[in-house]
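Peer 1: What follows is the file protein21.txt, containing compact mmCIF, C-alpha atoms:
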```
# COMPACT_ATOMS: atom_id res chain seq x y z
CA MET A 1 59.57 22.76 -1.87
CA PRO A 2 57.71 21.61 1.28
CA ARG A 3 55.10 24.28 0.49
CA SER A 4 54.40 22.80 -2.96
CA ILE A 5 54.07 19.31 -1.40
CA ALA A 6 51.57 20.69 1.07
CA ILE A 7 49.56 22.32 -1.72
CA ALA A 8 49.63 19.08 -3.73
CA LEU A 9 48.46 17.09 -0.71
CA LEU A 10 45.69 19.57 -0.02
CA THR A 11 44.56 19.41 -3.65
CA LEU A 12 44.53 15.61 -3.47
CA LEU A 13 42.50 15.67 -0.26
CA LEU A 14 39.99 18.09 -1.75
CA LEU A 15 39.68 15.98 -4.88
CA ALA A 16 39.21 12.83 -2.79
CA ALA A 17 36.50 14.56 -0.75
CA ASP A 18 34.81 15.67 -3.96
CA VAL A 19 34.90 12.12 -5.39
CA SER A 20 33.49 10.58 -2.20
CA ALA A 21 30.71 13.21 -2.16
CA ALA A 22 29.84 12.28 -5.72
CA GLU A 23 29.65 8.59 -4.72
CA GLY A 24 26.37 8.80 -2.87
CA PRO A 25 23.16 10.81 -2.95
CA THR A 26 22.40 13.71 -0.64
CA ARG A 27 20.04 13.03 2.24
CA ASP A 28 17.19 14.82 0.45
CA GLU A 29 17.73 12.80 -2.73
CA TYR A 30 17.85 9.61 -0.68
CA VAL A 31 14.62 10.43 1.17
CA GLY A 32 12.87 11.25 -2.12
CA ARG A 33 14.01 8.00 -3.67
CA LEU A 34 12.98 5.87 -0.70
CA GLU A 35 9.63 7.58 -0.25
CA ALA A 36 8.81 6.79 -3.89
CA ILE A 37 9.44 3.10 -3.12
CA CYS A 38 7.68 3.09 0.25
CA LYS A 39 4.52 4.97 -0.74
CA PRO A 40 2.82 2.30 -2.91
CA ASP A 41 3.89 -0.40 -0.45
CA ALA A 42 2.59 1.51 2.58
CA LEU A 43 -0.75 2.00 0.84
CA ALA A 44 -0.82 -1.67 -0.17
CA THR A 45 -0.12 -2.65 3.45
CA GLN A 46 -2.99 -0.50 4.61
CA ARG A 47 -5.31 -2.23 2.11
CA ALA A 48 -4.01 -5.69 3.02
CA MET A 49 -4.50 -5.10 6.75
CA LYS A 50 -8.01 -3.68 6.42
CA GLY A 51 -10.28 -5.51 8.83
CA ALA A 52 -7.48 -7.31 10.69
CA ARG A 53 -8.48 -5.65 13.96
CA ALA A 54 -12.10 -6.75 13.49
CA ASP A 55 -10.90 -10.28 12.64
CA ILE A 56 -8.95 -10.47 15.90
CA ARG A 57 -11.87 -9.09 17.91
CA ALA A 58 -14.11 -11.72 16.36
CA GLU A 59 -11.43 -14.39 17.03
CA ARG A 60 -10.98 -15.10 13.31
CA LEU A 61 -7.26 -15.66 13.81
CA PRO A 62 -6.65 -17.54 10.52
CA ALA A 63 -8.19 -14.62 8.58
CA ALA A 64 -6.04 -12.14 10.53
CA ALA A 65 -2.98 -14.38 9.90
CA GLY A 66 -3.61 -14.16 6.16
CA LYS A 67 -3.62 -10.35 6.35
CA PHE A 68 -0.45 -10.28 8.45
CA ALA A 69 1.21 -12.67 5.96
CA LYS A 70 0.41 -10.28 3.12
CA ALA A 71 1.70 -7.31 5.14
CA ALA A 72 4.88 -9.25 6.01
CA SER A 73 5.47 -10.07 2.37
CA ILE A 74 4.99 -6.43 1.29
CA PHE A 75 7.21 -5.17 4.12
CA GLY A 76 9.95 -7.72 3.32
CA SER A 77 10.06 -6.71 -0.32
CA THR A 78 10.08 -2.99 0.60
CA VAL A 79 13.05 -3.50 2.92
CA ARG A 80 14.92 -5.47 0.24
CA GLU A 81 14.27 -2.76 -2.33
CA ILE A 82 15.21 0.21 -0.15
CA SER A 83 18.29 -1.50 1.27
CA ALA A 84 19.67 -1.70 -2.28
CA ALA A 85 19.43 2.06 -2.78
CA PRO A 86 22.74 3.95 -2.53
CA ARG A 87 23.01 5.72 0.84
CA PRO A 88 24.30 9.21 1.68
CA PRO A 89 27.91 8.68 2.82
CA ALA A 90 27.43 10.81 5.92
CA ASP A 91 24.48 8.71 7.11
CA THR A 92 25.76 5.18 6.58
CA VAL A 93 26.16 4.34 10.28
CA ARG A 94 22.73 5.65 11.17
CA LEU A 95 21.08 3.92 8.22
CA ARG A 96 22.80 0.64 9.03
CA LYS A 97 21.17 0.83 12.47
CA TRP A 98 17.81 1.67 10.87
CA PHE A 99 18.00 -1.36 8.61
CA VAL A 100 18.70 -3.57 11.62
CA TYR A 101 15.41 -2.35 13.10
CA LEU A 102 13.59 -2.75 9.77
CA ASN A 103 14.77 -6.35 9.36
CA ARG A 104 13.65 -7.00 12.92
CA GLN A 105 10.25 -5.50 12.03
CA ALA A 106 9.95 -7.84 9.04
CA ASP A 107 10.87 -10.73 11.31
CA TYR A 108 8.25 -9.76 13.92
CA LEU A 109 5.57 -9.59 11.23
CA ARG A 110 6.48 -13.11 10.06
CA GLN A 111 6.49 -14.37 13.64
CA ILE A 112 3.09 -12.79 14.39
CA THR A 113 1.71 -14.45 11.25
CA GLY A 114 3.06 -17.82 12.40
CA GLU A 115 1.67 -17.52 15.93
CA LEU A 116 -1.76 -16.46 14.62
CA ARG A 117 -1.75 -19.45 12.25
CA ARG A 118 -0.88 -21.74 15.16
CA ASP A 119 -3.74 -20.13 17.12
CA HIS A 120 -1.32 -18.84 19.78
CA ALA A 121 -3.15 -15.64 20.72
CA ILE A 122 -0.96 -14.59 23.68
CA LYS A 123 2.30 -15.15 21.78
CA ALA A 124 0.98 -13.06 18.88
CA GLN A 125 -0.03 -10.37 21.35
CA ARG A 126 3.47 -10.24 22.91
CA LEU A 127 5.10 -10.06 19.51
CA THR A 128 2.76 -7.23 18.53
CA ALA A 129 3.96 -5.22 21.54
CA ARG A 130 7.56 -5.78 20.44
CA PHE A 131 6.67 -4.92 16.85
CA ILE A 132 5.21 -1.54 17.89
CA HIS A 133 8.09 -0.76 20.25
CA ASN A 134 10.69 -1.70 17.62
CA GLY A 135 8.87 0.41 15.03
CA ASN A 136 9.07 3.47 17.27
CA LEU A 137 12.78 2.86 17.87
CA ALA A 138 13.31 2.62 14.10
CA ASN A 139 11.53 5.95 13.62
CA ASN A 140 13.74 7.64 16.22
CA VAL A 141 16.92 6.59 14.40
CA VAL A 142 15.90 8.36 11.19
CA LEU A 143 13.83 11.16 12.74
CA ALA A 144 15.94 13.85 11.03
CA PHE A 145 15.21 12.33 7.62
CA GLY A 146 11.55 13.30 7.89
CA PHE A 147 10.28 10.07 6.33
CA ASP A 148 6.54 9.72 5.92
CA TYR A 149 5.71 6.50 4.06
CA CYS A 150 9.02 4.86 5.07
CA SER A 151 8.37 5.47 8.78
CA PHE A 152 6.51 3.07 11.03
CA LYS A 153 2.91 4.03 11.65
CA PHE A 154 0.78 1.80 13.82
CA SER A 155 -2.36 3.10 12.12
CA ARG A 156 -1.35 1.35 8.88
CA TYR A 157 -1.78 -2.04 10.53
CA GLY A 158 -5.54 -2.41 10.74
CA MET B 1 7.38 -19.71 41.00
CA ALA B 2 8.32 -16.33 42.49
CA ARG B 3 11.16 -16.06 40.00
CA ARG B 4 8.77 -16.81 37.13
CA SER B 5 6.28 -14.17 38.20
CA LEU B 6 9.11 -11.67 38.63
CA ALA B 7 10.26 -12.47 35.10
CA LEU B 8 6.72 -11.92 33.82
CA VAL B 9 6.50 -8.56 35.58
CA VAL B 10 9.87 -7.51 34.10
CA LEU B 11 8.70 -8.65 30.66
CA ALA B 12 5.43 -6.75 31.01
CA LEU B 13 7.32 -3.62 32.09
CA LEU B 14 9.67 -3.96 29.15
CA LEU B 15 6.83 -4.41 26.70
CA PHE B 16 4.27 -1.96 27.99
CA GLY B 17 6.73 0.51 29.51
CA GLY B 18 8.43 0.57 26.14
CA LEU B 19 5.19 1.41 24.41
CA ALA B 20 4.56 4.33 26.71
CA ARG B 21 7.31 6.56 25.32
CA ALA B 22 6.70 9.80 23.48
CA GLU B 23 6.47 9.34 19.74
CA GLN B 24 7.94 12.00 17.54
CA THR B 25 7.80 13.04 13.92
CA GLN B 26 10.01 15.48 12.09
CA ARG B 27 8.94 17.56 9.10
CA GLY B 28 11.71 19.78 7.85
CA ASN B 29 13.22 21.46 10.87
CA LEU B 30 10.19 20.94 13.10
CA ILE B 31 9.80 18.04 15.51
CA VAL B 32 6.38 17.25 16.94
CA THR B 33 6.14 14.97 19.97
CA LEU B 34 3.17 13.31 21.60
CA ASP B 35 2.99 11.21 24.71
CA GLY B 36 0.01 9.95 26.61
CA ARG B 37 -1.30 7.42 29.02
CA PHE B 38 -4.46 6.48 30.79
CA SER B 39 -5.23 4.87 34.09
CA PRO B 40 -6.25 2.36 35.11
CA LEU B 41 -4.57 0.29 32.44
CA ALA B 42 -6.88 -2.67 33.05
CA LEU B 43 -10.36 -2.08 31.64
CA PRO B 44 -13.48 -4.17 31.07
CA ARG B 45 -13.78 -5.81 27.68
CA ASP B 46 -17.44 -5.04 27.09
CA ARG B 47 -18.45 -1.84 28.90
CA PRO B 48 -16.79 1.53 29.46
CA ALA B 49 -15.14 2.16 32.82
CA PRO B 50 -13.95 5.53 34.22
CA VAL B 51 -10.45 6.54 33.18
CA ALA B 52 -8.05 9.43 33.68
CA VAL B 53 -6.08 10.53 30.63
CA ARG B 54 -2.79 12.38 30.41
CA LEU B 55 -1.63 13.94 27.15
CA ASP B 56 1.66 15.72 26.53
CA ALA B 57 2.24 17.32 23.14
CA GLY B 58 5.05 19.55 22.03
CA LEU B 59 6.93 21.24 19.24
CA ARG B 60 10.64 21.96 18.93
CA THR B 61 13.03 22.81 16.16
CA ALA B 62 15.92 20.50 15.33
CA ASP B 63 18.45 23.34 15.40
CA GLY B 64 16.99 25.31 18.31
CA SER B 65 15.76 28.13 16.08
CA THR B 66 12.55 30.05 16.80
CA LEU B 67 9.39 27.98 16.66
CA PRO B 68 6.78 28.84 14.05
CA ARG B 69 3.46 30.27 15.18
CA VAL B 70 0.73 27.71 15.73
CA THR B 71 -2.73 28.76 14.62
CA ARG B 72 -4.73 25.62 15.31
CA VAL B 73 -4.40 22.52 17.49
CA GLU B 74 -6.33 19.28 16.95
CA LEU B 75 -6.39 16.34 19.32
CA GLY B 76 -7.90 13.11 18.03
CA ILE B 77 -9.50 10.67 20.48
CA PRO B 78 -10.14 7.03 19.51
CA GLY B 79 -13.47 5.25 19.37
CA GLN B 80 -12.74 3.25 22.54
CA GLY B 81 -13.08 6.46 24.52
CA VAL B 82 -16.45 7.74 25.70
CA ILE B 83 -16.94 11.34 26.82
CA THR B 84 -19.95 11.94 29.05
CA THR B 85 -21.12 15.43 29.89
CA ARG B 86 -24.70 14.56 30.85
CA GLY B 87 -25.56 16.48 34.01
CA LEU B 88 -22.07 18.00 34.26
CA PRO B 89 -22.16 21.76 34.85
CA THR B 90 -20.76 23.96 32.09
CA CYS B 91 -18.58 27.02 32.18
CA ARG B 92 -18.80 29.94 29.75
CA PRO B 93 -15.56 31.26 28.22
CA ARG B 94 -16.74 34.82 28.90
CA VAL B 95 -16.63 34.19 32.65
CA LEU B 96 -12.99 33.09 32.43
CA ARG B 97 -11.70 35.98 30.34
CA ASP B 98 -9.05 37.95 32.28
CA ALA B 99 -9.77 35.86 35.39
CA THR B 100 -7.03 34.82 37.80
CA ALA B 101 -6.71 31.11 38.56
CA ALA B 102 -8.58 31.61 41.84
CA LYS B 103 -11.38 33.59 40.17
CA ALA B 104 -11.69 30.99 37.41
CA LEU B 105 -12.04 28.22 39.97
CA GLU B 106 -14.47 30.24 42.02
CA ALA B 107 -16.69 30.73 38.96
CA CYS B 108 -16.38 27.33 37.34
CA ARG B 109 -15.20 24.74 39.88
CA PRO B 110 -18.26 22.47 39.34
CA ALA B 111 -17.28 22.23 35.64
CA LEU B 112 -13.59 21.41 36.31
CA ILE B 113 -12.45 18.37 34.31
CA GLY B 114 -8.67 18.65 34.24
CA ARG B 115 -5.41 20.44 34.93
CA GLY B 116 -2.14 20.91 33.16
CA GLU B 117 0.71 23.12 32.12
CA MET B 118 1.75 24.93 28.98
CA VAL B 119 5.12 26.24 27.89
CA ALA B 120 5.56 28.92 25.24
CA GLU B 121 8.66 30.59 23.88
CA VAL B 122 8.34 34.35 23.82
CA LYS B 123 10.57 36.26 21.45
CA ILE B 124 9.90 39.97 21.42
CA PRO B 125 11.97 42.02 18.96
CA HIS B 126 15.06 43.65 20.55
CA GLN B 127 14.67 41.61 23.73
CA GLU B 128 16.18 38.41 25.04
CA PRO B 129 13.80 35.50 24.32
CA PHE B 130 12.29 33.84 27.38
CA THR B 131 10.05 30.93 28.26
CA ALA B 132 6.56 31.50 29.63
CA HIS B 133 4.97 28.82 31.82
CA ALA B 134 1.22 28.78 32.24
CA ARG B 135 -0.86 26.67 34.60
CA LEU B 136 -3.89 25.29 32.85
CA ARG B 137 -7.31 24.29 34.05
CA ALA B 138 -9.83 22.61 31.80
CA PHE B 139 -13.57 23.10 32.22
CA ASN B 140 -16.55 21.47 30.60
CA GLY B 141 -18.29 24.03 28.44
CA ARG B 142 -20.38 24.91 25.44
CA VAL B 143 -19.46 27.27 22.63
CA ARG B 144 -22.14 28.23 20.09
CA GLY B 145 -24.19 25.25 21.25
CA GLN B 146 -21.31 22.80 20.76
CA ARG B 147 -19.68 20.72 23.47
CA ALA B 148 -16.24 22.05 24.31
CA VAL B 149 -13.30 21.82 26.69
CA ILE B 150 -12.55 25.35 27.83
CA VAL B 151 -8.88 25.66 28.73
CA HIS B 152 -7.96 28.54 31.00
CA GLY B 153 -4.27 29.35 31.34
CA VAL B 154 -2.55 31.74 33.71
CA ALA B 155 1.11 32.75 33.40
CA LYS B 156 3.00 34.78 35.98
CA ARG B 157 5.73 36.08 33.66
CA PRO B 158 4.49 37.92 31.73
CA PRO B 159 1.21 38.19 33.65
CA THR B 160 -1.25 36.73 31.17
CA ALA B 161 -4.54 34.86 31.17
CA ILE B 162 -5.75 33.03 28.09
CA VAL B 163 -8.95 31.20 27.31
CA LEU B 164 -8.76 28.52 24.66
CA PRO B 165 -11.94 26.64 23.75
CA PHE B 166 -11.41 23.18 22.23
CA LEU B 167 -14.57 22.32 20.29
CA PHE B 168 -15.71 18.74 19.79
CA ARG B 169 -15.88 17.66 16.17
CA LEU B 170 -17.12 14.25 15.09
CA ARG B 171 -15.30 12.77 12.11
CA PRO B 172 -15.28 9.45 10.34
CA GLY B 173 -12.25 7.26 10.84
CA ARG B 174 -10.07 5.97 13.62
CA PHE B 175 -10.28 9.17 15.68
CA GLY B 176 -14.02 9.68 15.77
CA THR B 177 -13.84 12.62 18.17
CA VAL B 178 -11.48 15.51 17.54
CA LEU B 179 -10.93 18.46 19.86
CA VAL B 180 -10.14 21.55 17.81
CA ALA B 181 -8.80 24.88 19.12
CA HIS B 182 -7.94 27.98 17.13
CA LEU B 183 -5.24 30.06 18.78
CA PRO B 184 -6.59 33.61 18.83
CA ARG B 185 -4.79 36.37 16.94
CA THR B 186 -5.11 38.47 20.09
CA LEU B 187 -2.25 36.41 21.56
CA GLY B 188 0.00 38.38 19.23
CA PRO B 189 2.88 37.17 17.07
CA TRP B 190 5.42 36.61 19.88
CA PRO B 191 4.38 33.67 22.01
CA ARG B 192 5.25 30.43 20.26
CA PHE B 193 3.59 27.31 21.56
CA ALA B 194 6.21 24.79 22.68
CA ASP B 195 4.59 22.18 24.90
CA PHE B 196 1.49 21.37 26.84
CA GLU B 197 0.57 18.68 29.28
CA MET B 198 -3.01 18.01 30.28
CA ARG B 199 -4.52 15.55 32.73
CA LEU B 200 -8.25 14.99 32.28
CA SER B 201 -10.40 13.18 34.80
CA ARG B 202 -13.68 13.89 36.53
CA ARG B 203 -16.13 11.72 38.45
CA TYR B 204 -19.49 13.19 39.38
CA THR B 205 -22.96 12.21 40.49
CA TYR B 206 -26.03 12.92 38.39
CA ARG B 207 -29.53 11.86 39.46
CA GLY B 208 -28.06 9.39 41.91
CA ARG B 209 -25.73 7.78 39.36
CA ARG B 210 -21.94 7.96 39.48
CA LEU B 211 -20.66 9.12 36.09
CA SER B 212 -17.24 9.79 34.65
CA TYR B 213 -16.30 12.49 32.14
CA LEU B 214 -13.98 9.98 30.46
CA ALA B 215 -14.54 6.26 30.15
CA ALA B 216 -13.02 3.54 27.98
CA THR B 217 -13.16 -0.16 27.19
CA CYS B 218 -10.53 -2.67 26.20
CA PRO B 219 -12.54 -4.53 23.54
CA ILE B 220 -10.50 -7.68 23.01
CA PRO B 221 -11.51 -11.35 22.89
CA LYS B 222 -11.24 -13.54 26.00
CA ARG B 223 -8.17 -15.35 24.65
CA PHE B 224 -6.13 -12.14 24.63
CA SER B 225 -5.04 -10.35 27.78
CA ALA B 226 -3.97 -7.06 26.14
CA GLY B 227 -4.89 -5.03 23.10
CA PHE B 228 -3.28 -2.24 21.12
CA PHE B 229 -4.98 0.80 19.72
CA SER B 230 -4.33 4.28 18.33
CA PHE B 231 -4.56 6.32 21.52
CA ALA B 232 -4.30 9.90 20.29
CA LYS B 233 -3.23 12.08 17.42
CA ALA B 234 -2.03 15.67 17.66
CA THR B 235 -2.09 17.94 14.62
CA PHE B 236 -0.69 21.46 14.63
CA THR B 237 -1.51 23.93 11.89
CA LEU B 238 1.19 26.55 11.52
CA ALA B 239 0.95 30.13 10.30
CA GLY B 240 1.06 29.77 6.53
CA GLY B 241 -1.13 26.68 6.55
CA ARG B 242 1.48 23.91 6.96
CA ARG B 243 0.31 21.02 9.15
CA VAL B 244 2.41 18.67 11.26
CA SER B 245 1.02 15.74 13.17
CA THR B 246 1.92 12.62 15.06
CA GLY B 247 -0.06 9.76 16.56
CA ILE B 248 0.57 7.36 19.40
CA ALA B 249 -0.40 3.74 19.98
CA ARG B 250 -0.95 2.39 23.45
CA SER B 251 -2.01 -0.88 24.99
CA CYS B 252 -4.78 -1.73 27.39
CA ARG B 253 -5.21 -4.79 29.58
CA ALA B 254 -8.52 -6.56 29.91
CA ARG B 255 -9.95 -7.26 33.33
```
Please re-express this file's structure in structure tokens.
Peer 2:
Amino acid sequence: MPRSIAIALLTLLLLAADVSAAEGPTRDEYVGRLEAICKPDALATQRAMKGARADIRAERLPAAAGKFAKAASIFGSTVREISAAPRPPADTVRLRKWFVYLNRQADYLRQITGELRRDHAIKAQRLTARFIHNGNLANNVVLAFGFDYCSFKFSRYG
Amino acid sequence: MARRSLALVVLALLLFGGLARAEQTQRGNLIVTLDGRFSPLALPRDRPAPVAVRLDAGLRTADGSTLPRVTRVELGIPGQGVITTRGLPTCRPRVLRDATAAKALEACRPALIGRGEMVAEVKIPHQEPFTAHARLRAFNGRVRGQRAVIVHGVAKRPPTAIVLPFLFRLRPGRFGTVLVAHLPRTLGPWPRFADFEMRLSRRYTYRGRRLSYLAATCPIPKRFSAGFFSFAKATFTLAGGRRVSTGIARSCRAR
């Protein structure tokens, strides 16, 4: 009798594990899905930020602010879209941490835009340093995922 | 006042120290890392000043398995950097072939532009794998009429000397100058490149003028005190044609 209970319990556990595995995508599926969302947005960011570096060098801060605003808007919508995608159950903790960094990135972009609009060059500069540092930290969290378009690349920002 | 300046120093260390960490990218099982810095950090806004550059690039596998064979290494250098070789003696790769470190220096010391180290994993069939460390020296050179950095490496175990010419290629884009090296087939299939670290710096006098092999500017407006730029990009081509790369951003301060 106890043996049959044990078998029944084991069967239940296996079934439960199977159901939970079916609940979310695999890591590869997740990466493929997110990359498809990130790719057009990353390319759009690159186009939006074209010339921002030259604008800053020439002290055209309002023009640079406009480009940062566009990049912030694209980045914000990308984060909203990818955060809605179902996550692999085994990676939920790691991805939660990644999304904290991504939201912080979106926030930094908005803050940089604001400081450039207010003509606060030094504040924008400090926020840019934080933005780059935070982007690298975000990349490290999901290094094993092998993201390309969903990873932070400084070169995309002008 | 002292407390405020201390806070500013701590903030600067947090910001710029944080930027100076190795960046890494993973493709499949392979992780490529790149780190780099230059000194001095404070540079003129409008004219190049002498700098020393340190680059550290590496490959590792996520699960510790054997590294793939690298066939080509490319190092991208940004437009802010200026490389001057006018009047700098050159060294021919032929002179360095099979030379010990002492012989290489004896033959090419006037062309010396840097030093470094390289680590390779060596896995010979039916033997325990081991790590080979090589001391590197970089010399200014020319290969088939092209400017080049000739890297000479000497390992004690197993006793080996390699000569690796990095040719200068000019390309459009962010990294206008790219140093390209093809790893020779003569190295054999066993050594697998794992990591290298190179420090490049050379001041010299030519026709009464002090020149520097490497120079850079920090081209930012007066209202900014620091700027950010793509500092370097390392691309490894693996046997089979797959390419993995990573880039790093660094900051400079204007003086």
Peer 1: Rounded to one decimal in Å, what is the spacing between atom CA of Lys97 of chain A and atom CA of Glu81 of chain A?
Peer 2: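 Going from atom CA of Lys97 of chain A over to atom CA of Glu81 of chain A covers 16.7 Å.
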Peer 1: Using all atoms listed in the file, I'd like every residue of chain B that has an atom within 8 Å of chain A; please write them out as a list of chain:residue names.
Peer 2: B:Leu15, B:Phe16, B:Gly18, B:Leu19, B:Glu23, B:Gln24, B:Thr25, B:Gln26, B:Arg27, B:Gly28, B:Ala62, B:Pro219, B:Ile220, B:Pro221, B:Arg223, B:Phe224, B:Ser225, B:Ala226, B:Gly227, B:Phe228, B:Ser230, B:Ile248, B:Ala249
Peer 1: Which distance in Å separates atom CA of Phe175 of chain B and atom CA of Phe139 of chain B, to one decimal?
Peer 2: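 Interatomic distance, atom CA of Phe175 of chain B to atom CA of Phe139 of chain B: 21.9 Å.
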Peer 1: If we count all atoms listed in the file and set the cut-off at 7 Å, which residues sit around segment 60-75 of chain A, ignoring sequence neighbours fewer than 4 positions away in its own chain? Please answer as a list in words.
Peer 2: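 Counting all atoms listed in the file, the residues come to Asp41, Thr45, Ala48, Met49, Ala52, Asp55, Ile56, Val79, Ala106, Leu109, Arg110, Thr113, Leu116, Arg117 and Asp119 of chain A.
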Peer 1: So that I have them on file, write out the residues from the current selection with C-alpha atoms, as a PDB file, keeping the file's coordinate frame.
Peer 2:
```pdb
ATOM      1  CA  ASP A  41       3.890  -0.400  -0.450  1.00  0.00           C
ATOM      2  CA  THR A  45      -0.120  -2.650   3.450  1.00  0.00           C
ATOM      3  CA  ALA A  48      -4.010  -5.690   3.020  1.00  0.00           C
ATOM      4  CA  MET A  49      -4.500  -5.100   6.750  1.00  0.00           C
ATOM      5  CA  ALA A  52      -7.480  -7.310  10.690  1.00  0.00           C
ATOM      6  CA  ASP A  55     -10.900 -10.280  12.640  1.00  0.00           C
ATOM      7  CA  ILE A  56      -8.950 -10.470  15.900  1.00  0.00           C
ATOM      8  CA  VAL A  79      13.050  -3.500   2.920  1.00  0.00           C
ATOM      9  CA  ALA A 106       9.950  -7.840   9.040  1.00  0.00           C
ATOM     10  CA  LEU A 109       5.570  -9.590  11.230  1.00  0.00           C
ATOM     11  CA  ARG A 110       6.480 -13.110  10.060  1.00  0.00           C
ATOM     12  CA  THR A 113       1.710 -14.450  11.250  1.00  0.00           C
ATOM     13  CA  LEU A 116      -1.760 -16.460  14.620  1.00  0.00           C
ATOM     14  CA  ARG A 117      -1.750 -19.450  12.250  1.00  0.00           C
ATOM     15  CA  ASP A 119      -3.740 -20.130  17.120  1.00  0.00           C
TER      16      ASP A 119
END
```
Peer 1: Excluding Glu35 of chain A and its own-chain neighbours fewer than 3 positions away, which residues fall within 8 Å of it when counting only C-alpha atoms? Please give them as JSON, numbers by chain.
Peer 2: {"A": [31, 32, 38, 39, 147, 148, 149, 150]}
Peer 1: Would you place a box with edges along x, y and z of the file around all atoms of segment 97-105 of chain A listed there, add 5 Å to each of its six sides, and report the centre and edge lengths in Å to one decimal, as JSON?
Peer 2:
```
{"center_x": 15.7, "center_y": -2.7, "center_z": 10.9, "size_x": 20.9, "size_y": 18.7, "size_z": 14.5}
```
Peer 1: Find the residues near Leu59 of chain B: any atom within 6 Å, counting only C-alpha atoms, skip ones fewer than 5 places away on the same chain, and give them as a PyMOL selection string.
Peer 2: chain B and resi 31-32+194
Peer 1: Would you list the contacts of segment 51-57 of chain B as a PyMOL selection string, taking every protein, DNA or RNA residue within 8 Å and counting only C-alpha atoms, but skipping same-chain residues closer than 5 positions in sequence?
Peer 2: chain B and resi 32-40+195-202+212+214-216+234
Peer 1: Mind pulling up the distance from atom CA of His182 of chain B to atom CA of Arg72 of chain B?
Peer 2: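 Those two atoms sit 4.4 Å apart.
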Peer 1: Let me make sure I understand: among A:Ala138, A:Ala84, A:Ala44, A:Ile37, which one has the smallest atom-to-atom distance to Tyr101 of chain A if we use all atoms listed in the file?
Peer 2: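 Nearest candidate to Tyr101 of chain A out of A:Ala138, A:Ala84, A:Ala44, A:Ile37: A:Ala138.
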Peer 1: Missing atoms in segment 194-208 of chain B: fill them in up to N, CA and C atoms and send the result as a short mmCIF file (atom, residue, chain, number, x, y, z; two decimals), in the frame of the given file.
Peer 2:
```cif
data_model
loop_
_atom_site.label_atom_id
_atom_site.label_comp_id
_atom_site.auth_asym_id
_atom_site.auth_seq_id
_atom_site.Cartn_x
_atom_site.Cartn_y
_atom_site.Cartn_z
N ALA B 194 5.13 25.79 22.66
CA ALA B 194 6.21 24.79 22.68
C ALA B 194 5.76 23.44 23.22
N ASP B 195 4.97 23.46 24.28
CA ASP B 195 4.59 22.18 24.90
C ASP B 195 3.37 22.35 25.79
N PHE B 196 2.53 21.36 25.82
CA PHE B 196 1.49 21.37 26.84
C PHE B 196 1.27 19.97 27.38
N GLU B 197 0.86 19.94 28.62
CA GLU B 197 0.57 18.68 29.28
C GLU B 197 -0.78 18.84 29.96
N MET B 198 -1.66 17.89 29.72
CA MET B 198 -3.01 18.01 30.28
C MET B 198 -3.44 16.68 30.88
N ARG B 199 -3.99 16.75 32.08
CA ARG B 199 -4.52 15.55 32.73
C ARG B 199 -6.02 15.74 32.88
N LEU B 200 -6.79 14.86 32.25
CA LEU B 200 -8.25 14.99 32.28
C LEU B 200 -8.86 13.85 33.07
N SER B 201 -9.70 14.19 34.00
CA SER B 201 -10.40 13.18 34.80
C SER B 201 -11.46 13.87 35.64
N ARG B 202 -12.65 13.30 35.69
CA ARG B 202 -13.68 13.89 36.53
C ARG B 202 -14.77 12.85 36.80
N ARG B 203 -15.01 12.59 38.05
CA ARG B 203 -16.13 11.72 38.45
C ARG B 203 -17.17 12.63 39.07
N TYR B 204 -18.44 12.36 38.79
CA TYR B 204 -19.49 13.19 39.38
C TYR B 204 -20.78 12.37 39.51
N THR B 205 -21.68 12.90 40.28
CA THR B 205 -22.96 12.21 40.49
C THR B 205 -24.07 13.00 39.80
N TYR B 206 -24.90 12.27 39.05
CA TYR B 206 -26.03 12.92 38.39
C TYR B 206 -27.26 12.03 38.56
N ARG B 207 -28.28 12.59 39.17
CA ARG B 207 -29.53 11.86 39.46
C ARG B 207 -29.24 10.52 40.13
N GLY B 208 -28.36 10.58 41.11
CA GLY B 208 -28.06 9.39 41.91
C GLY B 208 -27.09 8.41 41.25
#
```
